[in-house]
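Engineer: Right, I'll just put the structure down here and ask away after.
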Number of protein chains: 2
Amino acid sequence: MAAPIPRFCSQCGGPLLDRLVDTEQRVRRVCTKCGEIAYQNPQVLVTTIVASGDRVLLCRRAGPPAAGRWTLPGGFMESGETLEEAAARETYEETGVRIDSGEMRIYAVATLPAISEIYVGFLSTVAENTALVCGSECTEVRFFGEADVPWAELTYLDVGVYLRLYFRERQSGSHAIHFSCIDAACVVTKSYRVANMEEARGPRPGPGPGQ
Amino acid sequence: MAAPIPRFCSQCGGPLLDRLVDTEQRVRRVCTKCGEIAYQNPQVLVTTIVASGDRVLLCRRAGPPAAGRWTLPGGFMESGETLEEAAARETYEETGVRIDSGEMRIYAVATLPAISEIYVGFLSTVAENTALVCGSECTEVRFFGEADVPWAELTYLDVGVYLRLYFRERQSGSHAIHFSCIDAACVVTKSYRVANMEEARGPRPGPGPGQ
(Lines give C-alpha, C1' and ligand atoms only; values in the text may rest on other atoms or scores of the structure.)
Protein backbone atom coordinates (compact mmCIF):
# COMPACT_ATOMS: atom_id res chain seq x y z
CA MET A 1 0.00 0.00 0.00
CA ALA A 2 1.47 3.33 -1.02
CA ALA A 3 1.77 6.04 1.65
CA PRO A 4 -1.34 8.28 1.87
CA ILE A 5 -1.26 11.63 0.05
CA PRO A 6 -0.27 14.32 2.60
CA ARG A 7 -2.96 16.93 3.32
CA PHE A 8 -1.25 18.97 6.03
CA CYS A 9 2.28 20.32 6.43
CA SER A 10 4.51 18.15 8.64
CA GLN A 11 6.44 21.23 9.81
CA CYS A 12 3.68 23.77 10.68
CA GLY A 13 0.36 21.88 10.31
CA GLY A 14 -0.87 24.23 7.56
CA PRO A 15 -2.99 22.92 4.67
CA LEU A 16 -1.17 21.59 1.60
CA LEU A 17 -2.18 22.26 -1.99
CA ASP A 18 -0.83 21.17 -5.36
CA ARG A 19 1.41 23.96 -6.68
CA LEU A 20 3.90 24.19 -9.50
CA VAL A 21 7.35 24.55 -7.92
CA ASP A 22 9.25 26.79 -10.34
CA THR A 23 12.74 25.67 -9.35
CA GLU A 24 11.80 22.04 -9.94
CA GLN A 25 9.31 22.53 -12.81
CA ARG A 26 7.08 20.02 -11.06
CA VAL A 27 3.76 20.05 -9.21
CA ARG A 28 4.25 19.28 -5.51
CA ARG A 29 2.21 19.33 -2.34
CA VAL A 30 3.16 22.75 -0.95
CA CYS A 31 2.19 24.32 2.41
CA THR A 32 -0.05 27.35 1.97
CA LYS A 33 1.15 28.72 5.34
CA CYS A 34 4.94 28.22 5.47
CA GLY A 35 5.79 27.21 1.88
CA GLU A 36 7.43 23.90 2.88
CA ILE A 37 7.30 21.24 0.14
CA ALA A 38 5.91 17.86 1.23
CA TYR A 39 7.98 15.42 -0.81
CA GLN A 40 6.35 12.08 -1.50
CA ASN A 41 9.10 9.53 -1.76
CA PRO A 42 9.10 5.91 -2.85
CA GLN A 43 9.32 3.39 -0.02
CA VAL A 44 11.94 0.69 0.38
CA LEU A 45 11.21 -2.88 1.41
CA VAL A 46 13.65 -5.69 2.07
CA THR A 47 13.16 -9.45 1.85
CA THR A 48 15.44 -12.40 2.50
CA ILE A 49 15.64 -15.91 1.12
CA VAL A 50 16.88 -17.71 4.23
CA ALA A 51 18.27 -21.10 3.17
CA SER A 52 18.77 -24.01 5.55
CA GLY A 53 20.15 -27.06 3.77
CA ASP A 54 17.93 -27.45 0.71
CA ARG A 55 14.98 -25.65 2.30
CA VAL A 56 13.87 -22.00 2.44
CA LEU A 57 12.10 -20.08 5.20
CA LEU A 58 8.56 -18.83 4.61
CA CYS A 59 6.08 -16.96 6.82
CA ARG A 60 2.31 -17.15 6.74
CA ARG A 61 0.92 -13.62 7.04
CA ALA A 62 -1.40 -12.95 9.99
CA GLY A 63 -2.95 -9.75 8.64
CA PRO A 64 -3.65 -7.91 5.41
CA PRO A 65 -2.54 -7.54 2.74
CA ALA A 66 -2.63 -11.18 1.60
CA ALA A 67 -3.53 -12.55 5.05
CA GLY A 68 -3.15 -16.33 5.29
CA ARG A 69 -0.69 -16.49 2.40
CA TRP A 70 2.99 -17.45 2.52
CA THR A 71 5.83 -15.08 1.80
CA LEU A 72 9.51 -14.39 2.42
CA PRO A 73 10.47 -12.68 5.68
CA GLY A 74 10.66 -8.95 5.00
CA GLY A 75 9.13 -5.52 5.38
CA PHE A 76 9.75 -1.82 5.30
CA MET A 77 13.22 -0.47 5.88
CA GLU A 78 13.52 1.92 8.85
CA SER A 79 15.50 5.16 8.99
CA GLY A 80 19.07 4.73 10.20
CA GLU A 81 19.47 1.12 9.09
CA THR A 82 21.54 -0.38 6.32
CA LEU A 83 19.63 -2.54 3.84
CA GLU A 84 21.18 -5.70 5.34
CA GLU A 85 20.35 -4.63 8.90
CA ALA A 86 16.74 -4.03 7.85
CA ALA A 87 16.55 -7.47 6.24
CA ALA A 88 18.13 -9.16 9.28
CA ARG A 89 15.79 -7.32 11.67
CA GLU A 90 12.66 -8.24 9.70
CA THR A 91 13.75 -11.89 9.52
CA TYR A 92 14.36 -11.96 13.28
CA GLU A 93 11.07 -10.22 14.13
CA GLU A 94 9.00 -12.55 11.96
CA THR A 95 10.78 -15.88 12.42
CA GLY A 96 13.18 -15.64 15.39
CA VAL A 97 16.08 -16.49 13.04
CA ARG A 98 19.23 -14.45 13.49
CA ILE A 99 21.17 -13.92 10.29
CA ASP A 100 24.57 -12.29 10.07
CA SER A 101 24.14 -9.07 8.09
CA GLY A 102 27.81 -9.28 7.02
CA GLU A 103 27.31 -12.68 5.43
CA MET A 104 24.26 -11.74 3.36
CA ARG A 105 24.45 -11.46 -0.42
CA ILE A 106 22.34 -9.18 -2.52
CA TYR A 107 19.93 -11.20 -4.62
CA ALA A 108 17.35 -8.89 -6.17
CA VAL A 109 16.42 -5.27 -6.77
CA ALA A 110 12.91 -4.53 -8.01
CA THR A 111 10.74 -1.49 -8.61
CA LEU A 112 6.94 -1.47 -8.39
CA PRO A 113 6.25 1.99 -9.83
CA ALA A 114 2.45 1.62 -9.56
CA ILE A 115 2.71 1.78 -5.76
CA SER A 116 6.10 3.55 -5.55
CA GLU A 117 7.89 0.72 -3.79
CA ILE A 118 11.41 -0.61 -4.18
CA TYR A 119 12.38 -4.10 -3.09
CA VAL A 120 15.88 -5.21 -2.23
CA GLY A 121 16.25 -8.95 -1.73
CA PHE A 122 19.03 -10.83 0.04
CA LEU A 123 20.21 -14.40 0.32
CA SER A 124 21.38 -15.86 3.61
CA THR A 125 22.26 -19.34 4.84
CA VAL A 126 21.62 -20.63 8.36
CA ALA A 127 22.34 -23.92 10.14
CA GLU A 128 20.08 -26.92 9.45
CA ASN A 129 18.87 -27.14 13.05
CA THR A 130 17.90 -23.45 13.31
CA ALA A 131 14.96 -22.97 15.70
CA LEU A 132 11.98 -20.85 14.63
CA VAL A 133 9.83 -18.46 16.67
CA CYS A 134 6.62 -17.30 15.02
CA GLY A 135 6.45 -13.49 15.16
CA SER A 136 3.33 -11.43 15.82
CA GLU A 137 2.82 -10.64 12.12
CA CYS A 138 2.70 -14.33 11.20
CA THR A 139 0.52 -17.30 12.07
CA GLU A 140 3.12 -19.88 11.05
CA VAL A 141 6.79 -19.94 10.00
CA ARG A 142 8.41 -22.99 8.37
CA PHE A 143 11.25 -24.19 6.22
CA PHE A 144 10.10 -25.71 2.91
CA GLY A 145 11.90 -27.87 0.36
CA GLU A 146 11.23 -27.01 -3.28
CA ALA A 147 8.59 -29.73 -3.69
CA ASP A 148 6.72 -28.60 -0.56
CA VAL A 149 6.60 -24.84 -1.15
CA PRO A 150 2.92 -23.82 -1.14
CA TRP A 151 3.29 -22.36 -4.64
CA ALA A 152 -0.44 -21.64 -5.03
CA GLU A 153 -0.62 -19.91 -1.65
CA LEU A 154 2.18 -17.36 -2.01
CA THR A 155 1.36 -13.71 -1.42
CA TYR A 156 2.55 -12.41 -4.81
CA LEU A 157 3.73 -13.91 -8.07
CA ASP A 158 7.14 -12.24 -7.77
CA VAL A 159 7.83 -14.24 -4.59
CA GLY A 160 7.30 -17.39 -6.64
CA VAL A 161 9.47 -16.03 -9.47
CA TYR A 162 12.38 -15.38 -7.08
CA LEU A 163 11.98 -18.73 -5.29
CA ARG A 164 12.00 -20.67 -8.58
CA LEU A 165 15.09 -18.76 -9.70
CA TYR A 166 16.74 -19.50 -6.35
CA PHE A 167 16.08 -23.26 -6.50
CA ARG A 168 17.28 -23.38 -10.12
CA GLU A 169 20.49 -21.56 -9.21
CA ARG A 170 20.99 -23.73 -6.16
CA GLN A 171 20.86 -26.84 -8.37
CA SER A 172 23.28 -25.43 -10.92
CA GLY A 173 25.60 -23.89 -8.31
CA SER A 174 25.29 -20.46 -9.92
CA HIS A 175 24.52 -17.11 -8.33
CA ALA A 176 22.78 -14.18 -9.98
CA ILE A 177 21.50 -10.74 -9.09
CA HIS A 178 18.02 -10.12 -10.49
CA PHE A 179 16.99 -6.60 -11.39
CA SER A 180 13.26 -6.33 -12.08
CA CYS A 181 10.55 -3.92 -12.99
CA ILE A 182 7.19 -5.20 -11.79
CA ASP A 183 4.28 -3.47 -13.48
CA ALA A 184 0.67 -4.30 -14.24
CA ALA A 185 1.67 -6.32 -17.29
CA CYS A 186 4.53 -8.49 -16.11
CA VAL A 187 7.80 -8.94 -14.25
CA VAL A 188 10.71 -7.96 -16.49
CA THR A 189 13.94 -9.21 -15.02
CA LYS A 190 17.51 -8.66 -16.05
CA SER A 191 19.54 -11.39 -14.40
CA TYR A 192 23.24 -10.72 -13.90
CA ARG A 193 25.08 -13.99 -13.33
CA VAL A 194 27.82 -13.44 -10.78
CA ALA A 195 31.23 -14.92 -11.50
CA ASN A 196 32.75 -14.06 -8.13
CA MET A 197 32.52 -11.64 -5.23
CA GLU A 198 35.19 -9.67 -3.44
CA GLU A 199 35.04 -7.25 -0.54
CA ALA A 200 37.02 -4.02 -0.38
CA ARG A 201 37.25 -1.19 2.12
CA GLY A 202 37.63 2.33 0.75
CA PRO A 203 38.23 5.71 2.37
CA ARG A 204 35.69 7.57 4.44
CA PRO A 205 33.16 9.54 2.34
CA GLY A 206 31.75 13.00 2.96
CA PRO A 207 28.02 13.50 3.63
CA GLY A 208 25.54 12.70 0.86
CA PRO A 209 23.65 15.27 -1.20
CA GLY A 210 20.37 16.69 0.11
CA GLN A 211 16.98 17.41 -1.37
CA MET B 1 20.23 16.01 3.84
CA ALA B 2 17.77 13.73 5.64
CA ALA B 3 14.07 14.68 5.58
CA PRO B 4 13.05 16.90 8.52
CA ILE B 5 11.41 15.21 11.55
CA PRO B 6 7.62 15.56 11.15
CA ARG B 7 5.89 17.68 13.82
CA PHE B 8 2.31 17.65 12.53
CA CYS B 9 0.07 14.91 11.15
CA SER B 10 -0.07 14.84 7.34
CA GLN B 11 -3.66 13.54 7.44
CA CYS B 12 -5.38 15.81 10.01
CA GLY B 13 -2.80 18.49 10.94
CA GLY B 14 -2.77 17.45 14.62
CA PRO B 15 0.46 17.59 16.66
CA LEU B 16 2.73 14.52 16.59
CA LEU B 17 4.47 13.05 19.62
CA ASP B 18 6.86 10.14 20.12
CA ARG B 19 4.81 7.16 21.30
CA LEU B 20 5.53 3.47 21.69
CA VAL B 21 3.42 1.67 19.06
CA ASP B 22 2.52 -1.63 20.75
CA THR B 23 1.88 -3.61 17.57
CA GLU B 24 5.32 -2.65 16.23
CA GLN B 25 7.23 -2.49 19.55
CA ARG B 26 8.80 0.69 18.29
CA VAL B 27 8.66 4.41 19.10
CA ARG B 28 7.04 6.36 16.25
CA ARG B 29 5.79 9.87 15.60
CA VAL B 30 2.06 9.41 16.33
CA CYS B 31 -0.77 11.93 15.89
CA THR B 32 -2.29 12.97 19.25
CA LYS B 33 -5.58 13.82 17.48
CA CYS B 34 -6.30 11.02 14.99
CA GLY B 35 -3.73 8.35 15.95
CA GLU B 36 -2.14 8.18 12.46
CA ILE B 37 1.50 7.07 12.50
CA ALA B 38 3.92 9.34 10.62
CA TYR B 39 6.41 6.86 9.17
CA GLN B 40 9.87 8.25 8.45
CA ASN B 41 11.25 6.34 5.51
CA PRO B 42 14.71 6.23 3.96
CA GLN B 43 15.04 8.17 0.71
CA VAL B 44 16.21 6.77 -2.61
CA LEU B 45 18.64 8.52 -4.94
CA VAL B 46 19.79 7.43 -8.37
CA THR B 47 22.99 8.26 -10.24
CA THR B 48 24.31 7.31 -13.66
CA ILE B 49 27.77 6.87 -15.10
CA VAL B 50 27.11 8.05 -18.67
CA ALA B 51 29.97 6.84 -20.88
CA SER B 52 30.79 8.34 -24.26
CA GLY B 53 33.78 6.66 -25.86
CA ASP B 54 36.41 6.61 -23.11
CA ARG B 55 34.93 9.61 -21.29
CA VAL B 56 32.29 9.99 -18.55
CA LEU B 57 29.74 12.73 -17.97
CA LEU B 58 30.08 14.96 -14.90
CA CYS B 59 28.06 17.94 -13.65
CA ARG B 60 29.29 20.89 -11.62
CA ARG B 61 26.75 21.61 -8.89
CA ALA B 62 25.22 25.09 -8.89
CA GLY B 63 23.91 24.98 -5.31
CA PRO B 64 24.45 23.32 -1.95
CA PRO B 65 25.33 20.77 -0.86
CA ALA B 66 28.84 20.73 -2.34
CA ALA B 67 28.24 23.73 -4.64
CA GLY B 68 30.97 24.16 -7.25
CA ARG B 69 32.02 20.51 -7.06
CA TRP B 70 31.68 17.85 -9.76
CA THR B 71 29.45 14.84 -9.51
CA LEU B 72 27.55 12.23 -11.50
CA PRO B 73 24.13 13.18 -12.86
CA GLY B 74 21.52 12.04 -10.33
CA GLY B 75 19.07 12.95 -7.62
CA PHE B 76 16.02 11.83 -5.70
CA MET B 77 13.69 9.25 -7.16
CA GLU B 78 10.10 10.44 -7.57
CA SER B 79 6.92 8.49 -6.81
CA GLY B 80 5.59 6.49 -9.75
CA GLU B 81 8.94 6.06 -11.51
CA THR B 82 11.08 3.00 -11.99
CA LEU B 83 14.69 3.33 -10.82
CA GLU B 84 15.90 3.51 -14.44
CA GLU B 85 13.30 6.14 -15.37
CA ALA B 86 14.42 8.26 -12.40
CA ALA B 87 18.05 7.96 -13.44
CA ALA B 88 17.25 8.80 -17.08
CA ARG B 89 15.13 11.79 -16.02
CA GLU B 90 17.82 13.20 -13.71
CA THR B 91 20.45 12.80 -16.41
CA TYR B 92 18.25 14.60 -18.93
CA GLU B 93 17.32 17.43 -16.54
CA GLU B 94 20.93 18.09 -15.55
CA THR B 95 22.78 17.50 -18.82
CA GLY B 96 20.28 17.36 -21.70
CA VAL B 97 21.45 13.81 -22.49
CA ARG B 98 18.73 11.28 -23.28
CA ILE B 99 19.56 7.77 -22.22
CA ASP B 100 17.47 4.73 -23.00
CA SER B 101 16.19 3.36 -19.70
CA GLY B 102 15.93 -0.11 -21.26
CA GLU B 103 19.62 -0.16 -22.13
CA MET B 104 20.89 0.84 -18.67
CA ARG B 105 22.72 -1.64 -16.47
CA ILE B 106 22.68 -1.60 -12.70
CA TYR B 107 26.10 -0.68 -11.39
CA ALA B 108 25.87 0.05 -7.66
CA VAL B 109 23.62 -0.14 -4.63
CA ALA B 110 24.71 1.74 -1.51
CA THR B 111 23.26 2.62 1.88
CA LEU B 112 24.17 5.72 3.87
CA PRO B 113 22.46 4.85 7.17
CA ALA B 114 23.64 8.05 8.92
CA ILE B 115 21.33 10.11 6.71
CA SER B 116 18.90 7.32 5.75
CA GLU B 117 19.63 7.42 2.05
CA ILE B 118 19.92 4.64 -0.50
CA TYR B 119 21.78 5.08 -3.77
CA VAL B 120 21.19 3.02 -6.87
CA GLY B 121 23.75 3.59 -9.61
CA PHE B 122 23.46 2.79 -13.31
CA LEU B 123 25.76 2.58 -16.29
CA SER B 124 24.76 3.87 -19.70
CA THR B 125 26.54 4.46 -23.00
CA VAL B 126 25.78 7.28 -25.42
CA ALA B 127 27.17 8.29 -28.82
CA GLU B 128 30.53 10.09 -28.98
CA ASN B 129 29.02 13.25 -30.49
CA THR B 130 26.26 13.60 -27.87
CA ALA B 131 25.35 17.27 -27.30
CA LEU B 132 25.13 18.64 -23.76
CA VAL B 133 22.70 21.19 -22.28
CA CYS B 134 23.61 22.53 -18.85
CA GLY B 135 20.59 22.16 -16.54
CA SER B 136 19.48 24.68 -13.93
CA GLU B 137 21.06 22.74 -11.05
CA CYS B 138 24.49 22.84 -12.69
CA THR B 139 26.94 25.53 -13.76
CA GLU B 140 28.80 23.27 -16.19
CA VAL B 141 28.43 19.79 -17.68
CA ARG B 142 31.25 18.00 -19.48
CA PHE B 143 32.63 14.65 -20.57
CA PHE B 144 35.99 13.79 -18.95
CA GLY B 145 38.59 11.18 -19.82
CA GLU B 146 40.14 9.37 -16.84
CA ALA B 147 43.21 11.61 -16.76
CA ASP B 148 41.11 14.79 -16.84
CA VAL B 149 38.52 13.95 -14.17
CA PRO B 150 38.72 16.68 -11.49
CA TRP B 151 39.45 14.05 -8.82
CA ALA B 152 40.12 16.62 -6.09
CA GLU B 153 36.93 18.54 -6.87
CA LEU B 154 34.37 15.74 -6.70
CA THR B 155 31.41 16.16 -4.35
CA TYR B 156 31.96 13.00 -2.30
CA LEU B 157 34.61 10.35 -2.01
CA ASP B 158 32.23 7.59 -3.07
CA VAL B 159 31.81 9.29 -6.48
CA GLY B 160 35.56 8.93 -6.92
CA VAL B 161 35.47 5.33 -5.71
CA TYR B 162 32.84 4.39 -8.29
CA LEU B 163 34.56 6.30 -11.11
CA ARG B 164 37.91 4.60 -10.40
CA LEU B 165 36.18 1.22 -10.35
CA TYR B 166 34.45 2.06 -13.63
CA PHE B 167 37.65 3.06 -15.44
CA ARG B 168 39.44 -0.03 -14.10
CA GLU B 169 36.62 -2.28 -15.33
CA ARG B 170 36.50 -0.51 -18.66
CA GLN B 171 40.20 -1.25 -19.19
CA SER B 172 39.85 -4.90 -18.23
CA GLY B 173 36.57 -5.37 -20.09
CA SER B 174 34.84 -6.63 -16.94
CA HIS B 175 31.54 -5.58 -15.41
CA ALA B 176 30.65 -5.67 -11.72
CA ILE B 177 27.80 -4.67 -9.43
CA HIS B 178 29.05 -2.88 -6.32
CA PHE B 179 27.09 -3.17 -3.12
CA SER B 180 28.30 -0.70 -0.48
CA CYS B 181 27.65 0.48 3.01
CA ILE B 182 28.91 4.02 3.44
CA ASP B 183 29.28 5.00 7.09
CA ALA B 184 31.34 7.49 9.05
CA ALA B 185 34.35 5.17 9.02
CA CYS B 186 34.63 4.00 5.42
CA VAL B 187 33.04 2.66 2.26
CA VAL B 188 32.71 -1.11 2.48
CA THR B 189 32.01 -2.55 -0.93
CA LYS B 190 31.15 -6.06 -1.99
CA SER B 191 31.80 -6.23 -5.72
CA TYR B 192 29.99 -8.93 -7.66
CA ARG B 193 31.73 -9.51 -10.97
CA VAL B 194 29.11 -10.21 -13.63
CA ALA B 195 29.74 -13.09 -16.03
CA ASN B 196 26.77 -12.38 -18.26
CA MET B 197 23.32 -10.83 -18.32
CA GLU B 198 20.02 -12.14 -19.64
CA GLU B 199 16.57 -10.66 -19.76
CA ALA B 200 13.40 -12.59 -19.00
CA ARG B 201 9.72 -11.72 -18.85
CA GLY B 202 7.66 -13.39 -16.14
CA PRO B 203 3.94 -13.43 -15.36
CA ARG B 204 2.00 -10.49 -14.01
CA PRO B 205 2.31 -10.07 -10.21
CA GLY B 206 -0.35 -9.11 -7.69
CA PRO B 207 -0.08 -5.86 -5.73
CA GLY B 208 2.76 -5.44 -3.26
CA PRO B 209 2.41 -5.61 0.51
CA GLY B 210 1.44 -2.49 2.45
CA GLN B 211 2.71 -0.88 5.63
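Letters A, B, ... mark the chains of the C-alpha coordinates in the order given; residue numbers begin at 1 per chain; ligand numbers begin at 1, in order shown.
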Give me, as a VMD selection string, the residues of chain B touching chain A, with the criterion being at most 6 Å (counting only C-alpha atoms).
Structural biologist: chain B and resid 1 6 to 8 10 to 11 13 41 to 42 65 78 to 82 111 113 to 114 116 156 to 158 185 to 206 209 to 210
Engineer: Got a sec to tell me which of chain B DSSP assigns to helix (DSSP H, G or I), as an NGL selection string?
Structural biologist: :B and (83-95 or 113-115 or 146-148 or 151-153 or 157-172)
Engineer: Within 7 Å of B:Ala87, counting only C-alpha atoms, which residues show up once you throw out same-chain ones fewer than 5 positions away? Write them as a count of residues only, please.
Structural biologist: 4
Engineer: Could you pull out the residues in stretch 51-175 of chain B that DSSP calls strand (DSSP E or B) from the backbone, as number ranges by chain?
Structural biologist: B: 51-52, 55-61, 70-71, 74-76, 105-112, 117-125, 138-145, 154
Engineer: Record the distance separating atom CA of A:Arg98 and atom CA of A:Val141, expressed in Å with one decimal.
Structural biologist: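 Atom CA of A:Val141 lies 14.0 Å from atom CA of A:Arg98.
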Engineer: Quick one: residues within 6 Å of stretch 125-130 of chain B, only C-alpha atoms, excluding same-chain residues fewer than 2 positions away - as a PyMOL selection string?
Structural biologist: chain B and resi 50-53
Engineer: Give me, please, the distance in Å between atom CA of B:Val27 and atom CA of A:Ala86, quoted to one decimal.
Structural biologist: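 According to the coordinates, atom CA of B:Val27 and atom CA of A:Ala86 are separated by 16.2 Å.
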Engineer: How far is it from atom CA of B:Glu90 to atom CA of A:Arg28, in Å with one decimal?
Structural biologist: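 Here the two named atoms are 17.0 Å from each other.
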Engineer: So that I can see what lies close to B:Glu94, please list as an mmCIF file with N, CA and C atoms, in the first residue's frame the residues with an atom at most 10 Å from it, counting only C-alpha atoms and leaving out residues fewer than 6 positions away in the same chain.
Structural biologist:
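What landed in around.cif:
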data_model
loop_
_atom_site.group_PDB
_atom_site.id
_atom_site.type_symbol
_atom_site.label_atom_id
_atom_site.label_comp_id
_atom_site.auth_asym_id
_atom_site.auth_seq_id
_atom_site.Cartn_x
_atom_site.Cartn_y
_atom_site.Cartn_z
ATOM 1 N N LEU B 58 30.160 14.395 -16.255
ATOM 2 C CA LEU B 58 30.076 14.964 -14.902
ATOM 3 C C LEU B 58 29.395 16.331 -14.947
ATOM 4 N N CYS B 59 28.775 16.678 -13.794
ATOM 5 C CA CYS B 59 28.057 17.944 -13.647
ATOM 6 C C CYS B 59 28.693 18.725 -12.507
ATOM 7 N N ARG B 60 28.803 20.019 -12.700
ATOM 8 C CA ARG B 60 29.294 20.887 -11.621
ATOM 9 C C ARG B 60 28.077 21.477 -10.923
ATOM 10 N N ARG B 61 27.959 21.235 -9.636
ATOM 11 C CA ARG B 61 26.747 21.607 -8.892
ATOM 12 C C ARG B 61 26.647 23.125 -8.725
ATOM 13 N N LEU B 72 28.303 12.948 -10.471
ATOM 14 C CA LEU B 72 27.551 12.230 -11.498
ATOM 15 C C LEU B 72 26.142 12.800 -11.597
ATOM 16 N N PRO B 73 25.536 12.783 -12.779
ATOM 17 C CA PRO B 73 24.131 13.176 -12.859
ATOM 18 C C PRO B 73 23.286 12.266 -11.967
ATOM 19 N N GLY B 74 22.351 12.851 -11.223
ATOM 20 C CA GLY B 74 21.523 12.035 -10.333
ATOM 21 C C GLY B 74 20.715 12.881 -9.391
ATOM 22 N N GLY B 75 19.887 12.236 -8.595
ATOM 23 C CA GLY B 75 19.070 12.945 -7.623
ATOM 24 C C GLY B 75 18.024 12.020 -7.031
ATOM 25 N N LEU B 132 25.446 18.409 -25.170
ATOM 26 C CA LEU B 132 25.126 18.642 -23.761
ATOM 27 C C LEU B 132 24.369 19.955 -23.598
ATOM 28 N N VAL B 133 23.431 19.970 -22.644
ATOM 29 C CA VAL B 133 22.703 21.190 -22.278
ATOM 30 C C VAL B 133 22.799 21.313 -20.757
ATOM 31 N N CYS B 134 23.398 22.365 -20.290
ATOM 32 C CA CYS B 134 23.613 22.526 -18.847
ATOM 33 C C CYS B 134 22.278 22.848 -18.166
ATOM 34 N N GLY B 135 21.861 21.972 -17.245
ATOM 35 C CA GLY B 135 20.586 22.162 -16.539
ATOM 36 C C GLY B 135 20.691 23.220 -15.451
ATOM 37 N N SER B 136 19.520 23.567 -14.872
ATOM 38 C CA SER B 136 19.477 24.684 -13.928
ATOM 39 C C SER B 136 20.180 24.371 -12.601
ATOM 40 N N GLU B 137 20.386 23.090 -12.308
ATOM 41 C CA GLU B 137 21.055 22.745 -11.049
ATOM 42 C C GLU B 137 22.574 22.669 -11.197
ATOM 43 N N CYS B 138 23.054 22.957 -12.419
ATOM 44 C CA CYS B 138 24.493 22.836 -12.692
ATOM 45 C C CYS B 138 25.021 24.156 -13.256
ATOM 46 N N THR B 139 26.326 24.381 -13.103
ATOM 47 C CA THR B 139 26.942 25.529 -13.763
ATOM 48 C C THR B 139 27.730 25.098 -14.985
ATOM 49 N N GLU B 140 27.991 23.786 -15.094
ATOM 50 C CA GLU B 140 28.800 23.274 -16.194
ATOM 51 C C GLU B 140 28.584 21.765 -16.282
ATOM 52 N N VAL B 141 28.491 21.244 -17.496
ATOM 53 C CA VAL B 141 28.428 19.788 -17.677
ATOM 54 C C VAL B 141 29.418 19.424 -18.773
#
